[in-house]
Amino acid sequence: MVGVSTLEALACLAPSRFAFVAVVCDARRGETYAAGFRRVDRSLERVDPDVALSPEHAAAWVATRLEGESAIVIGDAPARYPESFEGLRRRLVIAPLEEIHPSGAMVALLGEKRLRRGESDRLEALVPSYVRASAAERNLERVTLTMQNAVS
């Protein structure tokens with residue numbers, strides 16, 4: 001059993017003419033999930049871990065990674081937050097999620113590559129990576145801090 005990143009699976013669907021691929025997807029609650037990849041030979045290498053950013057910070061994050069090379073942004077965040085990504089439209093290609101969308105075949109291919117490299121994940125340890133704390137976790141943290149302050 002192996003886990004596969006959704007953002008990586010989307011990045012692998014980018015046309016090969018792009019040297020840099022940023023995946024920026026709406027994470028709800030005014031945030032995005034983002035990851036960056038650079039083309040090396042015929043494959044993509046991750047250059048940034050998955051991060052949770054505001055739409056404004058995500059657009060700035062993409063802009064700082066451009067090195068005068070051909071670049072594309074994949075995901076639904078630019079359509080969801082057009083004002084944040086407007087400045088990037090002149091510098092790179094933005095592909096909407098309807099154009100390049102998640103593919104079960106790509107997830108399977110990435111999983112197969114991991115297995116061929118001898119990698120695996122323990123089933124009981126394989127959990128979704130949400131990058132940010134859930135609402136329930138944030139509420140629990142707030143309650144815990146409130147209780148600690150009340151006791152102090």
# chains A, B, ... in the order shown; residues from 1 in each chain; ligands from 1
$ residues_around --residues "region 76-92 of chain A" --least-positions-apart "6" --cutoff "6 Å" --atoms "only C-alpha atoms" --output "list in words"
Val24, Cys25, Asp26, Pro55, Glu56 and Ala59 of chain A
$ select_by_dssp --residues "chain A" --states "strand (DSSP E or B)" --output "JSON, numbers by chain"
{"A": [20, 21, 22, 23, 24, 25, 26, 27, 28, 31, 32, 33, 34, 35, 36, 37, 38, 39, 40, 43, 44, 45, 46, 51, 52, 53, 71, 72, 73, 74, 93, 94, 95]}
$ select_by_dssp --residues "region 10-129 of chain A" --states "alpha helix (DSSP H)" --output "PyMOL selection string"
chain A and resi 10-11+55-65+77-80+82-85+104-116
$ write_last_selection --atoms "C-alpha atoms" --output "JSON list (two decimals), in the first residue's frame"
[["chain", "number", "residue", "atom", "x", "y", "z"],
["A", 10, "LEU", "CA", -2.25, 17.00, -10.67],
["A", 11, "ALA", "CA", 1.26, 18.34, -11.36],
["A", 55, "PRO", "CA", -4.89, 33.12, -1.91],
["A", 56, "GLU", "CA", -2.77, 36.31, -1.82],
["A", 57, "HIS", "CA", 0.18, 34.48, -0.29],
["A", 58, "ALA", "CA", -0.24, 31.58, -2.73],
["A", 59, "ALA", "CA", 0.00, 33.94, -5.72],
["A", 60, "ALA", "CA", 3.08, 35.63, -4.21],
["A", 61, "TRP", "CA", 4.54, 32.20, -3.42],
["A", 62, "VAL", "CA", 4.20, 31.18, -7.09],
["A", 63, "ALA", "CA", 5.71, 34.48, -8.27],
["A", 64, "THR", "CA", 8.85, 33.99, -6.13],
["A", 65, "ARG", "CA", 9.48, 30.59, -7.72],
["A", 77, "ALA", "CA", -7.71, 28.49, -6.76],
["A", 78, "PRO", "CA", -7.06, 31.04, -9.58],
["A", 79, "ALA", "CA", -10.71, 30.77, -10.70],
["A", 80, "ARG", "CA", -11.99, 30.87, -7.12],
["A", 82, "PRO", "CA", -9.24, 35.71, -9.50],
["A", 83, "GLU", "CA", -8.22, 39.00, -7.88],
["A", 84, "SER", "CA", -5.30, 37.30, -6.09],
["A", 85, "PHE", "CA", -3.96, 35.64, -9.25],
["A", 104, "GLY", "CA", -7.25, 8.01, -11.17],
["A", 105, "ALA", "CA", -4.85, 6.70, -13.80],
["A", 106, "MET", "CA", -2.15, 9.19, -12.71],
["A", 107, "VAL", "CA", -2.66, 8.30, -9.04],
["A", 108, "ALA", "CA", -2.23, 4.62, -9.96],
["A", 109, "LEU", "CA", 0.91, 5.37, -12.03],
["A", 110, "LEU", "CA", 2.51, 7.34, -9.19],
["A", 111, "GLY", "CA", 1.63, 4.55, -6.75],
["A", 112, "GLU", "CA", 3.18, 1.99, -9.09],
["A", 113, "LYS", "CA", 6.39, 4.06, -9.32],
["A", 114, "ARG", "CA", 6.65, 4.15, -5.53],
["A", 115, "LEU", "CA", 6.12, 0.39, -5.31],
["A", 116, "ARG", "CA", 8.78, -0.26, -7.99]]
$ closest_residue --among "A:Ala52, A:Ala19, A:Ala14, A:Val127" --to "Pro96 (chain A)" --atoms "only C-alpha atoms"
A:Ala14
$ atom_distance --atom1 "CA of Leu66 (chain A)" --atom2 "CA of Glu99 (chain A)"
22.1 Å
$ residues_around --residues "Ser16 (chain A)" --least-positions-apart "5" --cutoff "12 Å" --atoms "only C-alpha atoms" --output "list of chain:residue names"
A:Ala11, A:Val21, A:Arg38, A:Arg39, A:Val40, A:Asp41, A:Arg42, A:Ser43, A:Leu44, A:Ser70, A:Ala71, A:Ile72
$ closest_residue --among "A:Met1, A:Phe20, A:Pro128, A:Leu7" --to "Gly68 (chain A)" --atoms "only C-alpha atoms"
A:Phe20
$ residues_around --residues "Ala22 (chain A)" --least-positions-apart "4" --cutoff "7 Å" --atoms "only C-alpha atoms" --output "list in words"
Ala35, Gly36, Phe37, Val62, Ile72, Val73 and Ile74 of chain A
$ write_last_selection --atoms "N, CA and C atoms" --output "compact mmCIF listing (two decimals), in the first residue's frame"
# COMPACT_ATOMS: atom_id res chain seq x y z
N ALA A 35 1.70 23.44 -3.97
CA ALA A 35 2.96 22.69 -4.04
C ALA A 35 3.63 23.06 -5.35
N GLY A 36 4.96 23.02 -5.36
CA GLY A 36 5.73 23.36 -6.56
C GLY A 36 6.58 22.20 -7.04
N PHE A 37 6.70 22.11 -8.37
CA PHE A 37 7.45 21.04 -9.02
C PHE A 37 8.26 21.61 -10.17
N VAL A 62 3.93 31.62 -5.71
CA VAL A 62 4.20 31.18 -7.09
C VAL A 62 5.15 32.17 -7.76
N ILE A 72 3.36 26.98 -15.37
CA ILE A 72 1.92 26.79 -15.39
C ILE A 72 1.42 26.64 -13.96
N VAL A 73 0.22 27.16 -13.73
CA VAL A 73 -0.48 26.94 -12.46
C VAL A 73 -1.68 26.07 -12.77
N ILE A 74 -1.82 24.98 -12.04
CA ILE A 74 -2.94 24.07 -12.19
C ILE A 74 -3.75 24.11 -10.91
$ atom_distance --atom1 "CA of Ser5 (chain A)" --atom2 "CA of Ser120 (chain A)"
13.9 Å
$ decode --residues "region 3-92 of chain A" --atoms "C-alpha atoms" --output "PDB file, in the first residue's frame"
ATOM      1  CA  GLY A   3      -0.045   6.930  -0.523  1.00  0.00           C
ATOM      2  CA  VAL A   4      -0.034   9.457  -3.343  1.00  0.00           C
ATOM      3  CA  SER A   5      -0.295  13.243  -3.074  1.00  0.00           C
ATOM      4  CA  THR A   6      -3.263  14.747  -4.913  1.00  0.00           C
ATOM      5  CA  LEU A   7      -1.216  17.856  -5.686  1.00  0.00           C
ATOM      6  CA  GLU A   8       1.580  15.727  -7.152  1.00  0.00           C
ATOM      7  CA  ALA A   9      -0.904  13.736  -9.238  1.00  0.00           C
ATOM      8  CA  LEU A  10      -2.250  16.998 -10.670  1.00  0.00           C
ATOM      9  CA  ALA A  11       1.259  18.335 -11.355  1.00  0.00           C
ATOM     10  CA  CYS A  12       2.161  15.218 -13.336  1.00  0.00           C
ATOM     11  CA  LEU A  13      -0.682  15.998 -15.748  1.00  0.00           C
ATOM     12  CA  ALA A  14       0.915  19.297 -16.819  1.00  0.00           C
ATOM     13  CA  PRO A  15       2.085  19.434 -20.442  1.00  0.00           C
ATOM     14  CA  SER A  16       5.789  18.640 -20.726  1.00  0.00           C
ATOM     15  CA  ARG A  17       6.656  22.035 -22.244  1.00  0.00           C
ATOM     16  CA  PHE A  18       6.433  23.676 -18.794  1.00  0.00           C
ATOM     17  CA  ALA A  19       9.620  23.730 -16.697  1.00  0.00           C
ATOM     18  CA  PHE A  20       7.859  24.800 -13.501  1.00  0.00           C
ATOM     19  CA  VAL A  21       4.477  23.507 -12.331  1.00  0.00           C
ATOM     20  CA  ALA A  22       2.602  25.020  -9.411  1.00  0.00           C
ATOM     21  CA  VAL A  23      -0.559  23.342  -8.156  1.00  0.00           C
ATOM     22  CA  VAL A  24      -2.837  25.674  -6.201  1.00  0.00           C
ATOM     23  CA  CYS A  25      -6.219  24.342  -5.105  1.00  0.00           C
ATOM     24  CA  ASP A  26      -8.973  25.912  -3.045  1.00  0.00           C
ATOM     25  CA  ALA A  27      -8.823  24.598   0.517  1.00  0.00           C
ATOM     26  CA  ARG A  28     -12.035  26.382   1.569  1.00  0.00           C
ATOM     27  CA  ARG A  29     -12.266  28.916   4.403  1.00  0.00           C
ATOM     28  CA  GLY A  30     -10.263  31.449   2.360  1.00  0.00           C
ATOM     29  CA  GLU A  31      -7.164  29.272   2.018  1.00  0.00           C
ATOM     30  CA  THR A  32      -5.387  27.298  -0.670  1.00  0.00           C
ATOM     31  CA  TYR A  33      -3.211  24.206  -0.797  1.00  0.00           C
ATOM     32  CA  ALA A  34      -0.100  24.652  -2.924  1.00  0.00           C
ATOM     33  CA  ALA A  35       2.955  22.695  -4.045  1.00  0.00           C
ATOM     34  CA  GLY A  36       5.726  23.361  -6.559  1.00  0.00           C
ATOM     35  CA  PHE A  37       7.455  21.035  -9.015  1.00  0.00           C
ATOM     36  CA  ARG A  38      10.302  21.518 -11.512  1.00  0.00           C
ATOM     37  CA  ARG A  39      10.810  19.475 -14.662  1.00  0.00           C
ATOM     38  CA  VAL A  40      14.067  17.552 -14.635  1.00  0.00           C
ATOM     39  CA  ASP A  41      14.649  15.621 -17.837  1.00  0.00           C
ATOM     40  CA  ARG A  42      11.326  13.872 -18.483  1.00  0.00           C
ATOM     41  CA  SER A  43       9.973  13.836 -14.948  1.00  0.00           C
ATOM     42  CA  LEU A  44       8.850  16.284 -12.287  1.00  0.00           C
ATOM     43  CA  GLU A  45      10.676  16.760  -9.015  1.00  0.00           C
ATOM     44  CA  ARG A  46       9.006  18.297  -6.009  1.00  0.00           C
ATOM     45  CA  VAL A  47      10.678  21.560  -4.989  1.00  0.00           C
ATOM     46  CA  ASP A  48       8.257  22.535  -2.223  1.00  0.00           C
ATOM     47  CA  PRO A  49       6.183  20.576   0.278  1.00  0.00           C
ATOM     48  CA  ASP A  50       2.401  20.938   0.318  1.00  0.00           C
ATOM     49  CA  VAL A  51       1.514  24.156   2.140  1.00  0.00           C
ATOM     50  CA  ALA A  52      -1.679  25.942   3.190  1.00  0.00           C
ATOM     51  CA  LEU A  53      -1.683  29.635   2.235  1.00  0.00           C
ATOM     52  CA  SER A  54      -4.124  32.472   1.787  1.00  0.00           C
ATOM     53  CA  PRO A  55      -4.891  33.117  -1.912  1.00  0.00           C
ATOM     54  CA  GLU A  56      -2.769  36.309  -1.825  1.00  0.00           C
ATOM     55  CA  HIS A  57       0.178  34.481  -0.292  1.00  0.00           C
ATOM     56  CA  ALA A  58      -0.243  31.582  -2.729  1.00  0.00           C
ATOM     57  CA  ALA A  59       0.005  33.939  -5.723  1.00  0.00           C
ATOM     58  CA  ALA A  60       3.079  35.635  -4.208  1.00  0.00           C
ATOM     59  CA  TRP A  61       4.544  32.200  -3.416  1.00  0.00           C
ATOM     60  CA  VAL A  62       4.197  31.182  -7.092  1.00  0.00           C
ATOM     61  CA  ALA A  63       5.713  34.484  -8.274  1.00  0.00           C
ATOM     62  CA  THR A  64       8.852  33.992  -6.129  1.00  0.00           C
ATOM     63  CA  ARG A  65       9.476  30.588  -7.725  1.00  0.00           C
ATOM     64  CA  LEU A  66       9.475  31.766 -11.329  1.00  0.00           C
ATOM     65  CA  GLU A  67      12.959  31.885 -12.787  1.00  0.00           C
ATOM     66  CA  GLY A  68      12.235  33.161 -16.287  1.00  0.00           C
ATOM     67  CA  GLU A  69      11.193  29.702 -17.389  1.00  0.00           C
ATOM     68  CA  SER A  70       7.946  28.439 -18.808  1.00  0.00           C
ATOM     69  CA  ALA A  71       5.481  27.911 -15.978  1.00  0.00           C
ATOM     70  CA  ILE A  72       1.916  26.792 -15.391  1.00  0.00           C
ATOM     71  CA  VAL A  73      -0.476  26.937 -12.462  1.00  0.00           C
ATOM     72  CA  ILE A  74      -2.941  24.067 -12.195  1.00  0.00           C
ATOM     73  CA  GLY A  75      -5.909  23.991  -9.853  1.00  0.00           C
ATOM     74  CA  ASP A  76      -9.149  25.738  -8.983  1.00  0.00           C
ATOM     75  CA  ALA A  77      -7.714  28.494  -6.759  1.00  0.00           C
ATOM     76  CA  PRO A  78      -7.058  31.035  -9.575  1.00  0.00           C
ATOM     77  CA  ALA A  79     -10.707  30.772 -10.700  1.00  0.00           C
ATOM     78  CA  ARG A  80     -11.990  30.871  -7.118  1.00  0.00           C
ATOM     79  CA  TYR A  81      -9.789  33.862  -6.169  1.00  0.00           C
ATOM     80  CA  PRO A  82      -9.236  35.711  -9.499  1.00  0.00           C
ATOM     81  CA  GLU A  83      -8.217  39.002  -7.876  1.00  0.00           C
ATOM     82  CA  SER A  84      -5.300  37.301  -6.094  1.00  0.00           C
ATOM     83  CA  PHE A  85      -3.957  35.640  -9.249  1.00  0.00           C
ATOM     84  CA  GLU A  86      -4.601  38.474 -11.745  1.00  0.00           C
ATOM     85  CA  GLY A  87      -0.980  39.651 -11.709  1.00  0.00           C
ATOM     86  CA  LEU A  88       0.307  36.201 -12.608  1.00  0.00           C
ATOM     87  CA  ARG A  89      -1.815  35.844 -15.747  1.00  0.00           C
ATOM     88  CA  ARG A  90       0.705  37.860 -17.788  1.00  0.00           C
ATOM     89  CA  ARG A  91       3.677  35.803 -16.575  1.00  0.00           C
ATOM     90  CA  LEU A  92       2.498  32.219 -16.918  1.00  0.00           C
TER      91      LEU A  92
END
